[in-house]
Amino acid sequence: MPVSVLLDRRFAKFLVVGVLNTAFGYSIYAALIYLGLHVSVAILIGTILGILFNFRTTGQLVFGSRDNRLFVRFVAVYAILYVLNVAGVEALLLAGVGKYLAGALMLVPMALLAFILNKTLVFDAGR
């Protein structure tokens, strides 16, 4: 990860807000897995609900943006994250990792990538 990301004050805010967003999204995922849904469906539903929740918290609290026009870009970033998350979870499942642990193991890389993509493609790009 570039040092400039670690030094970005917004990254610290992103981590704090990310704990809230991650708890929300992972709780949805875990509940849906418990109910018997396939991991890709659980991730999809968690992602959709997370997008709605995260747009406000990330935009306002991390990047200081209330610009609703950025929502389409935000959704596009989460579409990319969804594909990469499903691929990562599926790869871990093939390696013998359980569904819950696979989802948990993908949290950190997805959070880092989410910050970088949201910063460069959504909120800073929208200025």
# chains A, B, ... in the order shown; residues from 1 in each chain; ligands from 1

$ residues_around --residues "stretch 42-51 of chain A" --least-positions-apart "6" --cutoff "9 Å" --atoms "only C-alpha atoms" --output "MDAnalysis selection string"
chainID A and resid 21:22 24:33 74:75 78:79 81:82 85:86 103

$ select_by_dssp --residues "chain A" --states "helix (DSSP H, G or I)" --output "ChimeraX atom specification"
/A:3-7,9-34,39-62,68-94,99-105,107-123

$ residues_around --residues "A:Met106" --least-positions-apart "3" --cutoff "8 Å" --atoms "only C-alpha atoms" --output "PyMOL selection string"
chain A and resi 85+88-89+102-103+109-110

$ residues_around --residues "A:Leu15" --least-positions-apart "6" --cutoff "9 Å" --atoms "only C-alpha atoms" --output "mmCIF file with C-alpha atoms, in the first residue's frame"
data_model
loop_
_atom_site.group_PDB
_atom_site.id
_atom_site.type_symbol
_atom_site.label_atom_id
_atom_site.label_comp_id
_atom_site.auth_asym_id
_atom_site.auth_seq_id
_atom_site.Cartn_x
_atom_site.Cartn_y
_atom_site.Cartn_z
ATOM 1 C CA ALA A 111 -11.537 -2.394 3.140
ATOM 2 C CA LEU A 112 -8.145 -1.207 1.892
ATOM 3 C CA PHE A 115 -10.682 3.271 0.522
#

$ closest_residue --among "A:Ala125, A:Ala23, A:Leu107, A:Leu92" --to "A:Arg69" --atoms "only C-alpha atoms"
A:Ala125

$ residues_around --residues "A:Phe63" --least-positions-apart "6" --cutoff "9 Å" --atoms "only C-alpha atoms" --output "VMD selection string"
chain A and resid 10 13 to 14 119 123 to 124

$ decode --residues "stretch 56-102 of chain A" --atoms "N, CA and C atoms" --output "PDB file, in the first residue's frame"
ATOM      1  N   ARG A  56     -23.588   7.226   2.720  1.00  0.00           N
ATOM      2  CA  ARG A  56     -23.745   8.372   3.624  1.00  0.00           C
ATOM      3  C   ARG A  56     -22.583   8.452   4.613  1.00  0.00           C
ATOM      4  N   THR A  57     -22.284   7.340   5.281  1.00  0.00           N
ATOM      5  CA  THR A  57     -21.245   7.392   6.311  1.00  0.00           C
ATOM      6  C   THR A  57     -19.877   7.694   5.712  1.00  0.00           C
ATOM      7  N   THR A  58     -19.538   7.045   4.618  1.00  0.00           N
ATOM      8  CA  THR A  58     -18.234   7.272   3.991  1.00  0.00           C
ATOM      9  C   THR A  58     -18.161   8.664   3.371  1.00  0.00           C
ATOM     10  N   GLY A  59     -19.188   9.036   2.626  1.00  0.00           N
ATOM     11  CA  GLY A  59     -19.188  10.331   1.962  1.00  0.00           C
ATOM     12  C   GLY A  59     -19.107  11.484   2.938  1.00  0.00           C
ATOM     13  N   GLN A  60     -19.971  11.476   3.935  1.00  0.00           N
ATOM     14  CA  GLN A  60     -20.048  12.613   4.844  1.00  0.00           C
ATOM     15  C   GLN A  60     -18.956  12.598   5.903  1.00  0.00           C
ATOM     16  N   LEU A  61     -18.764  11.469   6.565  1.00  0.00           N
ATOM     17  CA  LEU A  61     -17.844  11.425   7.702  1.00  0.00           C
ATOM     18  C   LEU A  61     -16.372  11.328   7.299  1.00  0.00           C
ATOM     19  N   VAL A  62     -16.102  10.675   6.175  1.00  0.00           N
ATOM     20  CA  VAL A  62     -14.707  10.488   5.763  1.00  0.00           C
ATOM     21  C   VAL A  62     -14.269  11.566   4.781  1.00  0.00           C
ATOM     22  N   PHE A  63     -15.056  11.766   3.732  1.00  0.00           N
ATOM     23  CA  PHE A  63     -14.633  12.652   2.649  1.00  0.00           C
ATOM     24  C   PHE A  63     -15.327  14.010   2.671  1.00  0.00           C
ATOM     25  N   GLY A  64     -16.225  14.236   3.646  1.00  0.00           N
ATOM     26  CA  GLY A  64     -16.887  15.522   3.767  1.00  0.00           C
ATOM     27  C   GLY A  64     -17.767  15.875   2.582  1.00  0.00           C
ATOM     28  N   SER A  65     -18.361  14.864   1.961  1.00  0.00           N
ATOM     29  CA  SER A  65     -19.180  15.099   0.774  1.00  0.00           C
ATOM     30  C   SER A  65     -20.636  14.735   1.037  1.00  0.00           C
ATOM     31  N   ARG A  66     -21.485  15.613   0.573  1.00  0.00           N
ATOM     32  CA  ARG A  66     -22.931  15.351   0.606  1.00  0.00           C
ATOM     33  C   ARG A  66     -23.499  15.332  -0.816  1.00  0.00           C
ATOM     34  N   ASP A  67     -22.610  15.176  -1.776  1.00  0.00           N
ATOM     35  CA  ASP A  67     -22.969  15.235  -3.189  1.00  0.00           C
ATOM     36  C   ASP A  67     -23.595  13.905  -3.639  1.00  0.00           C
ATOM     37  N   ASN A  68     -24.911  13.895  -3.762  1.00  0.00           N
ATOM     38  CA  ASN A  68     -25.625  12.682  -4.171  1.00  0.00           C
ATOM     39  C   ASN A  68     -25.327  12.266  -5.610  1.00  0.00           C
ATOM     40  N   ARG A  69     -24.775  13.182  -6.401  1.00  0.00           N
ATOM     41  CA  ARG A  69     -24.435  12.841  -7.792  1.00  0.00           C
ATOM     42  C   ARG A  69     -23.307  11.806  -7.853  1.00  0.00           C
ATOM     43  N   LEU A  70     -22.583  11.636  -6.772  1.00  0.00           N
ATOM     44  CA  LEU A  70     -21.478  10.677  -6.732  1.00  0.00           C
ATOM     45  C   LEU A  70     -21.953   9.253  -6.480  1.00  0.00           C
ATOM     46  N   PHE A  71     -23.239   9.082  -6.244  1.00  0.00           N
ATOM     47  CA  PHE A  71     -23.762   7.757  -5.900  1.00  0.00           C
ATOM     48  C   PHE A  71     -23.495   6.728  -7.004  1.00  0.00           C
ATOM     49  N   VAL A  72     -23.615   7.120  -8.256  1.00  0.00           N
ATOM     50  CA  VAL A  72     -23.388   6.186  -9.367  1.00  0.00           C
ATOM     51  C   VAL A  72     -21.942   5.699  -9.354  1.00  0.00           C
ATOM     52  N   ARG A  73     -21.005   6.606  -9.153  1.00  0.00           N
ATOM     53  CA  ARG A  73     -19.596   6.206  -9.055  1.00  0.00           C
ATOM     54  C   ARG A  73     -19.380   5.275  -7.866  1.00  0.00           C
ATOM     55  N   PHE A  74     -20.017   5.596  -6.747  1.00  0.00           N
ATOM     56  CA  PHE A  74     -19.909   4.789  -5.536  1.00  0.00           C
ATOM     57  C   PHE A  74     -20.409   3.376  -5.803  1.00  0.00           C
ATOM     58  N   VAL A  75     -21.537   3.267  -6.477  1.00  0.00           N
ATOM     59  CA  VAL A  75     -22.097   1.952  -6.828  1.00  0.00           C
ATOM     60  C   VAL A  75     -21.143   1.198  -7.753  1.00  0.00           C
ATOM     61  N   ALA A  76     -20.536   1.887  -8.697  1.00  0.00           N
ATOM     62  CA  ALA A  76     -19.588   1.236  -9.609  1.00  0.00           C
ATOM     63  C   ALA A  76     -18.391   0.679  -8.845  1.00  0.00           C
ATOM     64  N   VAL A  77     -17.900   1.428  -7.883  1.00  0.00           N
ATOM     65  CA  VAL A  77     -16.795   0.931  -7.056  1.00  0.00           C
ATOM     66  C   VAL A  77     -17.231  -0.320  -6.310  1.00  0.00           C
ATOM     67  N   TYR A  78     -18.432  -0.299  -5.755  1.00  0.00           N
ATOM     68  CA  TYR A  78     -18.897  -1.471  -5.014  1.00  0.00           C
ATOM     69  C   TYR A  78     -19.189  -2.663  -5.921  1.00  0.00           C
ATOM     70  N   ALA A  79     -19.497  -2.416  -7.174  1.00  0.00           N
ATOM     71  CA  ALA A  79     -19.643  -3.527  -8.132  1.00  0.00           C
ATOM     72  C   ALA A  79     -18.284  -4.210  -8.333  1.00  0.00           C
ATOM     73  N   ILE A  80     -17.257  -3.413  -8.453  1.00  0.00           N
ATOM     74  CA  ILE A  80     -15.899  -3.965  -8.577  1.00  0.00           C
ATOM     75  C   ILE A  80     -15.533  -4.735  -7.309  1.00  0.00           C
ATOM     76  N   LEU A  81     -15.803  -4.136  -6.169  1.00  0.00           N
ATOM     77  CA  LEU A  81     -15.490  -4.790  -4.904  1.00  0.00           C
ATOM     78  C   LEU A  81     -16.268  -6.097  -4.737  1.00  0.00           C
ATOM     79  N   TYR A  82     -17.513  -6.115  -5.183  1.00  0.00           N
ATOM     80  CA  TYR A  82     -18.333  -7.326  -5.096  1.00  0.00           C
ATOM     81  C   TYR A  82     -17.679  -8.471  -5.874  1.00  0.00           C
ATOM     82  N   VAL A  83     -17.301  -8.200  -7.113  1.00  0.00           N
ATOM     83  CA  VAL A  83     -16.695  -9.240  -7.958  1.00  0.00           C
ATOM     84  C   VAL A  83     -15.411  -9.760  -7.316  1.00  0.00           C
ATOM     85  N   LEU A  84     -14.577  -8.862  -6.849  1.00  0.00           N
ATOM     86  CA  LEU A  84     -13.322  -9.277  -6.227  1.00  0.00           C
ATOM     87  C   LEU A  84     -13.554 -10.021  -4.918  1.00  0.00           C
ATOM     88  N   ASN A  85     -14.558  -9.596  -4.155  1.00  0.00           N
ATOM     89  CA  ASN A  85     -14.875 -10.263  -2.894  1.00  0.00           C
ATOM     90  C   ASN A  85     -15.381 -11.680  -3.141  1.00  0.00           C
ATOM     91  N   VAL A  86     -16.297 -11.847  -4.082  1.00  0.00           N
ATOM     92  CA  VAL A  86     -16.812 -13.186  -4.396  1.00  0.00           C
ATOM     93  C   VAL A  86     -15.662 -14.078  -4.871  1.00  0.00           C
ATOM     94  N   ALA A  87     -14.814 -13.556  -5.749  1.00  0.00           N
ATOM     95  CA  ALA A  87     -13.681 -14.343  -6.252  1.00  0.00           C
ATOM     96  C   ALA A  87     -12.763 -14.758  -5.108  1.00  0.00           C
ATOM     97  N   GLY A  88     -12.494 -13.837  -4.210  1.00  0.00           N
ATOM     98  CA  GLY A  88     -11.633 -14.145  -3.066  1.00  0.00           C
ATOM     99  C   GLY A  88     -12.238 -15.175  -2.134  1.00  0.00           C
ATOM    100  N   VAL A  89     -13.511 -15.016  -1.822  1.00  0.00           N
ATOM    101  CA  VAL A  89     -14.186 -15.981  -0.946  1.00  0.00           C
ATOM    102  C   VAL A  89     -14.224 -17.354  -1.615  1.00  0.00           C
ATOM    103  N   GLU A  90     -14.563 -17.377  -2.880  1.00  0.00           N
ATOM    104  CA  GLU A  90     -14.616 -18.668  -3.593  1.00  0.00           C
ATOM    105  C   GLU A  90     -13.237 -19.335  -3.616  1.00  0.00           C
ATOM    106  N   ALA A  91     -12.185 -18.558  -3.814  1.00  0.00           N
ATOM    107  CA  ALA A  91     -10.822 -19.113  -3.809  1.00  0.00           C
ATOM    108  C   ALA A  91     -10.488 -19.688  -2.433  1.00  0.00           C
ATOM    109  N   LEU A  92     -10.870 -18.984  -1.395  1.00  0.00           N
ATOM    110  CA  LEU A  92     -10.629 -19.482  -0.041  1.00  0.00           C
ATOM    111  C   LEU A  92     -11.446 -20.740   0.244  1.00  0.00           C
ATOM    112  N   LEU A  93     -12.672 -20.787  -0.252  1.00  0.00           N
ATOM    113  CA  LEU A  93     -13.498 -21.992  -0.078  1.00  0.00           C
ATOM    114  C   LEU A  93     -12.843 -23.187  -0.769  1.00  0.00           C
ATOM    115  N   LEU A  94     -12.312 -22.965  -1.963  1.00  0.00           N
ATOM    116  CA  LEU A  94     -11.619 -24.034  -2.681  1.00  0.00           C
ATOM    117  C   LEU A  94     -10.374 -24.501  -1.929  1.00  0.00           C
ATOM    118  N   ALA A  95      -9.778 -23.595  -1.158  1.00  0.00           N
ATOM    119  CA  ALA A  95      -8.599 -23.932  -0.366  1.00  0.00           C
ATOM    120  C   ALA A  95      -8.964 -24.613   0.954  1.00  0.00           C
ATOM    121  N   GLY A  96     -10.270 -24.801   1.187  1.00  0.00           N
ATOM    122  CA  GLY A  96     -10.720 -25.502   2.383  1.00  0.00           C
ATOM    123  C   GLY A  96     -11.074 -24.619   3.564  1.00  0.00           C
ATOM    124  N   VAL A  97     -11.084 -23.327   3.369  1.00  0.00           N
ATOM    125  CA  VAL A  97     -11.457 -22.399   4.438  1.00  0.00           C
ATOM    126  C   VAL A  97     -12.983 -22.386   4.549  1.00  0.00           C
ATOM    127  N   GLY A  98     -13.516 -22.334   5.766  1.00  0.00           N
ATOM    128  CA  GLY A  98     -14.958 -22.291   5.977  1.00  0.00           C
ATOM    129  C   GLY A  98     -15.573 -20.988   5.500  1.00  0.00           C
ATOM    130  N   LYS A  99     -16.878 -21.007   5.297  1.00  0.00           N
ATOM    131  CA  LYS A  99     -17.590 -19.845   4.754  1.00  0.00           C
ATOM    132  C   LYS A  99     -17.463 -18.596   5.628  1.00  0.00           C
ATOM    133  N   TYR A 100     -17.618 -18.764   6.941  1.00  0.00           N
ATOM    134  CA  TYR A 100     -17.558 -17.605   7.829  1.00  0.00           C
ATOM    135  C   TYR A 100     -16.149 -17.018   7.870  1.00  0.00           C
ATOM    136  N   LEU A 101     -15.146 -17.893   7.981  1.00  0.00           N
ATOM    137  CA  LEU A 101     -13.767 -17.424   8.024  1.00  0.00           C
ATOM    138  C   LEU A 101     -13.350 -16.809   6.688  1.00  0.00           C
ATOM    139  N   ALA A 102     -13.797 -17.404   5.589  1.00  0.00           N
ATOM    140  CA  ALA A 102     -13.468 -16.864   4.266  1.00  0.00           C
ATOM    141  C   ALA A 102     -13.987 -15.438   4.137  1.00  0.00           C
TER     142      ALA A 102
END
